[in-house]
Number of protein chains: 2
Amino acid sequence: MQINIPLKQVIDNSYDITIDALPTMHFETKVAIVTNPKIAGLHLAHLLGKLSAKELYIITIPDGEHYKTQESIDTILESLFNHRFNRKSLLVAFGGGVIGDMSGYAASIYQRGIDFIQIPTTLLSQVDASVGGKTGINNAYGKNLIGAFHQPKAVYIDSYFLTTLPSRELGAGIAEIVKMAVTFSKDFFFFLENADITNPDILQEIIKQAVLIKADVVAKDEKEHGLRAALNYGHTFGHVIENETKYKTFLHGEAVAIGMVMANEMAVEMGFMKQEDALRVQSLLERVTLPTTYSIKNINAFYEAFFLDKKSADSKLTFILPLGIGDVTITDEISKEVVLKVLCKFGEVS
Amino acid sequence: MQINIPLKQVIDNSYDITIDALPTMHFETKVAIVTNPKIAGLHLAHLLGKLSAKELYIITIPDGEHYKTQESIDTILESLFNHRFNRKSLLVAFGGGVIGDMSGYAASIYQRGIDFIQIPTTLLSQVDASVGGKTGINNAYGKNLIGAFHQPKAVYIDSYFLTTLPSRELGAGIAEIVKMAVTFSKDFFFFLENADITNPDILQEIIKQAVLIKADVVAKDEKEHGLRAALNYGHTFGHVIENETKYKTFLHGEAVAIGMVMANEMAVEMGFMKQEDALRVQSLLERVTLPTTYSIKNINAFYEAFFLDKKSADSKLTFILPLGIGDVTITDEISKEVVLKVLCKFGEVS
């Protein structure tokens with residue numbers, strides 16, 4: 001006989017993103033703020049002036065992408081167990097994307113899932129990582145290969161935290177913003193070409209537009225079955241670059257910037273994008289001092305590394321390629337010949 | 001400004017449980033069967049006569065509850081990465097509850113979630129662990145403290161696998177079945193009192209009834225916000241017993257059997273349950289040779305251990321206590337005095 005377990009349900013994971021000065025908040029539960037030593041030194045006093053809880057704990061993880069590991073997750077979980085956190089307790093992610101992804105992942109597996117909120121402190125995490133509930137860690141095989149979808153209960157974006165952000169990290173955030181413009185909004189791209197990002201009001205408007213685009217995409221495709229994959233534009237190449245350089249040479253956004261230039265080259269090769277549009281994207285990236293070049297030492301190794309990327313299903317490579325500016329296609333029909341030809345253009349000149 | 005991320009969605013995690021001889025199945029994807037050496041030796045040949053795949057891998061984890069750890073999860077994930085499993089790949093859990101819980105958890109975090117199916121080979125996992133999508137591992141702090149809710153795509157229950165099950169394990173399965181009867185169905189309890197479990201047809205009918213009860217509960221309360229917690233009857237005590245004995249003395253179902261007797265004692269103490277009903281439950285458990293006694297060495301340590309159990313929220317102890325047979329109450333209003341009084345009845349006579 002067959003017994004059906006009917007689990008068709010309406011699940012409401014909706015949440016609000018507040019783009020404004022951080023409000024005062026108090027929680028009648030145990031709360032742990034997960035952060036890194038640098039952000040804690042710069043901004044924890046400010047946060048603690050706003051956020052209070054019945055029992056409050058601070059957990060720090062060393063700063064940097066190479067600490068986005070199982071060991072750091074163990075550190076977080078160990079603290080939660082030590083302080084007897086339960087299913088009603090709350091995690092607060094206070095930092096950049098690494099802190100956000102790890103806090104979210106820890107929250108998703110602690111006692112099969114507890115709540116967390118995000119207070120992103122970098123431009124990149126404000127516009128990208130804080131929206132959409134992707135959580136996870138890296139391992140020896142690559143980036144974000146272990147993780148979960150776990151939506152935050154709320155996100156607070158306060159541009160105050162950007163005042164101490166190094167300019168390289170600001171640029172890395174702009175890279176993801178350019179990505180959203182190229183994939184989804186020509187108008188936003190034109191706006192960016194003429195925008196003065198050193199003006200705080202204009203930066204806030206840019207953040208708002210980027211969050212609106214990402215929010216729209218995530219609402220339509222939370223689990224990345226289709227549309228949301230377009231946001232991986234530049235990432236297929238970028239992840240390999242990050243992996244090859246052991247996450248040490250480039251910030252994530254910088255690797256994505258190079259990755260977008262590579263994807264554009266492929267789009268031009270396929271006749272999807274005009275050369276002049278590709279150059280326009282490259283010019284915008286360079287105007288905000290993002291890197292756009294990378295010398296591939298070993299074309300074949302680079303090609304093989306694509307297959308470890310989790311977005312590749314059943315040994316077919318998937319590429320996200322612009323159709324001009326403001327539109328994009330997701331294709332798994334690029335021949336190995338074309339891929340190698342494009343990679344060769346970035347090959348080291350010997 | 002506030003931007004709402006609208007993630008109110010209809011999500012269909014429904015699946016079928018087939019209670020019958022295992023059907024023939026073929027998958028056009030990469031498939032990994034996760035099992036243990038003992039089950040593999042006894043039944044893998046039978047399974048491989050039925051299940052085939054485009055690429056098939058077998059992963060074994062040492063047998064036993066004390067291998068339900070992060071290390072075993074790492075072993076599974078490592079294999080999946082080595083063989084380049086992707087988001088369309090499939091895990092097959094082939095074994096008891098430990099294999100099922102770990103395979104499900106590995107599936108839930110590999111690349112943020114891939115599919116898995118369950119082929120449970122013990123009575124306990126057939127009636128309990130295979131229904132409901134709870135996955136997880138143990139750690140130094142207790143049982144199932146890290147995990148996720150991840151529903152299988154299908155469950156196949158074939159009583160053929162029970163023919164080699166040691167009688168102690170059969171009894172451990174019956175314990176969970178008695179649990180479902182006491183909490184939800186007086187009729188089923190009466191049926192069990194007179195059932196000959198050595199008769200395969202009767203055993204199959206018992207499995208069916210138990211799965212129907214659990215399926216009904218899970219469909220009404222997938223994430224254990226209320227009703228489903230009733231299925232933890234006997235577990236609050238049982239988990240502490242397992243922890244104190246380092247998972248070595250009792251099978252899970254055996255610890256639950258003792259836990260039910262303790263919960264009944266508390267229910268009698270509170271006036272929720274008649275002494276004669278408590279004795280009736282104990283008699284049924286003893287008839288299938290389940291243990292019903294345990295000597296608590298340190299009452300206070302036992303009491304403190306409750307607070308590490310994940311079902312305890314905000315330092316209030318929650319107990320699931322029968323209201324007679326076939327009904328149950330969930331309460332967090334048992335005084336420490338009453339709890340200690342009940343524990344004392346099980347205290348070691350010095």
# chains A, B, ... in the order shown; residues from 1 in each chain; ligands from 1
$ interface_residues --of "chain A" --to "chain B" --cutoff "6 Å" --atoms "only C-alpha atoms" --output "MDAnalysis selection string"
chainID A and resid 1:19 86 109:112 145:148 215 219 313
$ write_last_selection --atoms "N, CA and C atoms" --output "compact mmCIF listing (two decimals), in the first residue's frame"
# COMPACT_ATOMS: atom_id res chain seq x y z
N MET A 1 0.83 -1.21 0.00
CA MET A 1 0.00 0.00 0.00
C MET A 1 0.86 1.26 0.00
N GLN A 2 0.26 2.37 -0.41
CA GLN A 2 0.97 3.65 -0.37
C GLN A 2 0.27 4.61 0.58
N ILE A 3 1.07 5.26 1.40
CA ILE A 3 0.52 6.29 2.27
C ILE A 3 1.16 7.61 1.86
N ASN A 4 0.32 8.58 1.54
CA ASN A 4 0.88 9.87 1.14
C ASN A 4 1.03 10.77 2.37
N ILE A 5 2.19 11.39 2.47
CA ILE A 5 2.41 12.37 3.54
C ILE A 5 2.17 13.74 2.91
N PRO A 6 1.03 14.33 3.16
CA PRO A 6 0.70 15.59 2.47
C PRO A 6 1.37 16.78 3.14
N LEU A 7 2.43 17.26 2.53
CA LEU A 7 3.16 18.38 3.12
C LEU A 7 3.16 19.59 2.20
N LYS A 8 2.01 19.77 1.51
CA LYS A 8 1.85 20.97 0.69
C LYS A 8 1.34 22.07 1.61
N GLN A 9 2.19 23.07 1.82
CA GLN A 9 1.85 24.05 2.84
C GLN A 9 2.17 25.46 2.40
N VAL A 10 1.46 26.40 2.98
CA VAL A 10 1.82 27.79 2.77
C VAL A 10 2.82 28.16 3.85
N ILE A 11 4.02 28.50 3.43
CA ILE A 11 5.06 28.86 4.39
C ILE A 11 5.41 30.33 4.18
N ASP A 12 5.37 31.08 5.24
CA ASP A 12 5.64 32.51 5.11
C ASP A 12 7.00 32.85 5.70
N ASN A 13 7.99 32.98 4.82
CA ASN A 13 9.34 33.37 5.25
C ASN A 13 9.61 34.85 4.96
N SER A 14 8.54 35.60 4.75
CA SER A 14 8.70 37.03 4.42
C SER A 14 9.41 37.77 5.54
N TYR A 15 10.17 38.79 5.15
CA TYR A 15 10.81 39.63 6.17
C TYR A 15 11.05 41.02 5.61
N ASP A 16 11.31 41.95 6.53
CA ASP A 16 11.53 43.33 6.11
C ASP A 16 13.01 43.69 6.13
N ILE A 17 13.42 44.46 5.13
CA ILE A 17 14.76 45.05 5.12
C ILE A 17 14.59 46.53 5.41
N THR A 18 15.19 46.98 6.49
CA THR A 18 15.08 48.39 6.85
C THR A 18 16.36 49.11 6.42
N ILE A 19 16.23 50.09 5.54
CA ILE A 19 17.40 50.85 5.09
C ILE A 19 17.31 52.21 5.76
N ASN A 86 18.30 27.88 23.19
CA ASN A 86 17.23 26.96 22.82
C ASN A 86 16.56 27.43 21.53
N ILE A 109 21.17 25.10 11.41
CA ILE A 109 21.38 23.72 11.88
C ILE A 109 21.35 23.58 13.39
N TYR A 110 21.40 24.70 14.13
CA TYR A 110 21.34 24.60 15.60
C TYR A 110 19.94 24.14 16.01
N GLN A 111 19.85 22.96 16.61
CA GLN A 111 18.57 22.39 17.02
C GLN A 111 17.54 22.42 15.89
N ARG A 112 18.02 22.14 14.70
CA ARG A 112 17.21 22.10 13.47
C ARG A 112 16.61 23.45 13.09
N LEU A 145 29.97 25.37 -0.69
CA LEU A 145 29.56 24.04 -1.14
C LEU A 145 28.76 23.28 -0.08
N ILE A 146 28.80 23.78 1.14
CA ILE A 146 27.97 23.20 2.19
C ILE A 146 27.13 24.34 2.76
N GLY A 147 25.85 24.11 2.93
CA GLY A 147 25.02 25.20 3.43
C GLY A 147 23.55 24.89 3.42
N ALA A 148 22.76 25.93 3.54
CA ALA A 148 21.31 25.76 3.59
C ALA A 148 20.64 27.05 3.11
N ALA A 215 15.62 41.73 -4.21
CA ALA A 215 14.40 41.31 -3.51
C ALA A 215 13.39 40.75 -4.50
N ALA A 219 12.18 36.89 -4.43
CA ALA A 219 10.75 36.62 -4.20
C ALA A 219 10.20 35.71 -5.30
N ALA A 313 25.32 21.19 -13.24
CA ALA A 313 24.53 19.99 -13.00
C ALA A 313 24.79 18.95 -14.07
$ select_by_dssp --residues "range 122-200 of chain A" --states "strand (DSSP E)" --output "VMD selection string"
chain A and resid 134 to 139 142 to 149 154 to 157
$ write_last_selection --atoms "N, CA and C atoms" --output "mmCIF file, in the first residue's frame"
data_model
loop_
_atom_site.group_PDB
_atom_site.id
_atom_site.type_symbol
_atom_site.label_atom_id
_atom_site.label_comp_id
_atom_site.auth_asym_id
_atom_site.auth_seq_id
_atom_site.Cartn_x
_atom_site.Cartn_y
_atom_site.Cartn_z
ATOM 1 N N LYS A 134 20.606 32.711 1.418
ATOM 2 C CA LYS A 134 21.649 31.718 1.140
ATOM 3 C C LYS A 134 22.643 31.751 2.295
ATOM 4 N N THR A 135 22.918 30.602 2.880
ATOM 5 C CA THR A 135 23.914 30.535 3.939
ATOM 6 C C THR A 135 24.884 29.408 3.600
ATOM 7 N N GLY A 136 26.064 29.421 4.213
ATOM 8 C CA GLY A 136 26.974 28.318 3.944
ATOM 9 C C GLY A 136 28.411 28.607 4.278
ATOM 10 N N ILE A 137 29.234 27.604 4.004
ATOM 11 C CA ILE A 137 30.666 27.702 4.261
ATOM 12 C C ILE A 137 31.441 27.174 3.052
ATOM 13 N N ASN A 138 32.732 27.461 3.033
ATOM 14 C CA ASN A 138 33.618 26.934 1.999
ATOM 15 C C ASN A 138 34.259 25.650 2.499
ATOM 16 N N ASN A 139 34.826 24.877 1.597
ATOM 17 C CA ASN A 139 35.695 23.775 2.013
ATOM 18 C C ASN A 139 36.776 23.584 0.949
ATOM 19 N N GLY A 142 35.746 24.053 -2.700
ATOM 20 C CA GLY A 142 35.293 25.313 -3.279
ATOM 21 C C GLY A 142 34.430 26.133 -2.336
ATOM 22 N N LYS A 143 33.769 27.127 -2.897
ATOM 23 C CA LYS A 143 33.020 28.098 -2.101
ATOM 24 C C LYS A 143 31.568 27.701 -1.889
ATOM 25 N N ASN A 144 31.088 27.923 -0.706
ATOM 26 C CA ASN A 144 29.665 27.752 -0.396
ATOM 27 C C ASN A 144 29.135 26.378 -0.766
ATOM 28 N N LEU A 145 29.975 25.366 -0.689
ATOM 29 C CA LEU A 145 29.561 24.035 -1.143
ATOM 30 C C LEU A 145 28.764 23.280 -0.082
ATOM 31 N N ILE A 146 28.804 23.777 1.140
ATOM 32 C CA ILE A 146 27.973 23.204 2.192
ATOM 33 C C ILE A 146 27.135 24.343 2.759
ATOM 34 N N GLY A 147 25.855 24.113 2.935
ATOM 35 C CA GLY A 147 25.022 25.196 3.435
ATOM 36 C C GLY A 147 23.549 24.887 3.418
ATOM 37 N N ALA A 148 22.757 25.933 3.542
ATOM 38 C CA ALA A 148 21.308 25.765 3.592
ATOM 39 C C ALA A 148 20.640 27.053 3.115
ATOM 40 N N PHE A 149 19.366 26.954 2.781
ATOM 41 C CA PHE A 149 18.564 28.154 2.582
ATOM 42 C C PHE A 149 17.878 28.443 3.915
ATOM 43 N N ALA A 154 14.808 39.475 9.861
ATOM 44 C CA ALA A 154 14.840 40.907 9.540
ATOM 45 C C ALA A 154 16.257 41.278 9.122
ATOM 46 N N VAL A 155 16.372 42.333 8.318
ATOM 47 C CA VAL A 155 17.684 42.844 7.924
ATOM 48 C C VAL A 155 17.688 44.356 8.159
ATOM 49 N N TYR A 156 18.756 44.838 8.785
ATOM 50 C CA TYR A 156 18.889 46.276 9.025
ATOM 51 C C TYR A 156 20.118 46.791 8.282
ATOM 52 N N ILE A 157 19.893 47.674 7.319
ATOM 53 C CA ILE A 157 20.994 48.238 6.544
ATOM 54 C C ILE A 157 21.178 49.693 6.947
#
$ residues_around --residues "range 284-301 of chain A" --least-positions-apart "2" --cutoff "6 Å" --atoms "only C-alpha atoms" --output "ChimeraX atom specification"
/A:258,281-282,303-304,346-348
$ closest_residue --among "A:Asp196, A:Asp332, A:Asp128, A:Glu224" --to "Ala175 in chain A" --atoms "only C-alpha atoms"
A:Asp128
$ residues_around --residues "Asn232 in chain B" --least-positions-apart "4" --cutoff "10 Å" --atoms "only C-alpha atoms" --output "list in words"
Glu176, Lys179, Met180, Thr183, Arg228, Thr236, Phe237, Gly238, His239, Val256, Gly259, Met260, Lys311, Phe319, Ile320, Leu321 and Ile330 of chain B
$ atom_distance --atom1 "CA of Met273 in chain A" --atom2 "CA of His252 in chain A"
24.7 Å
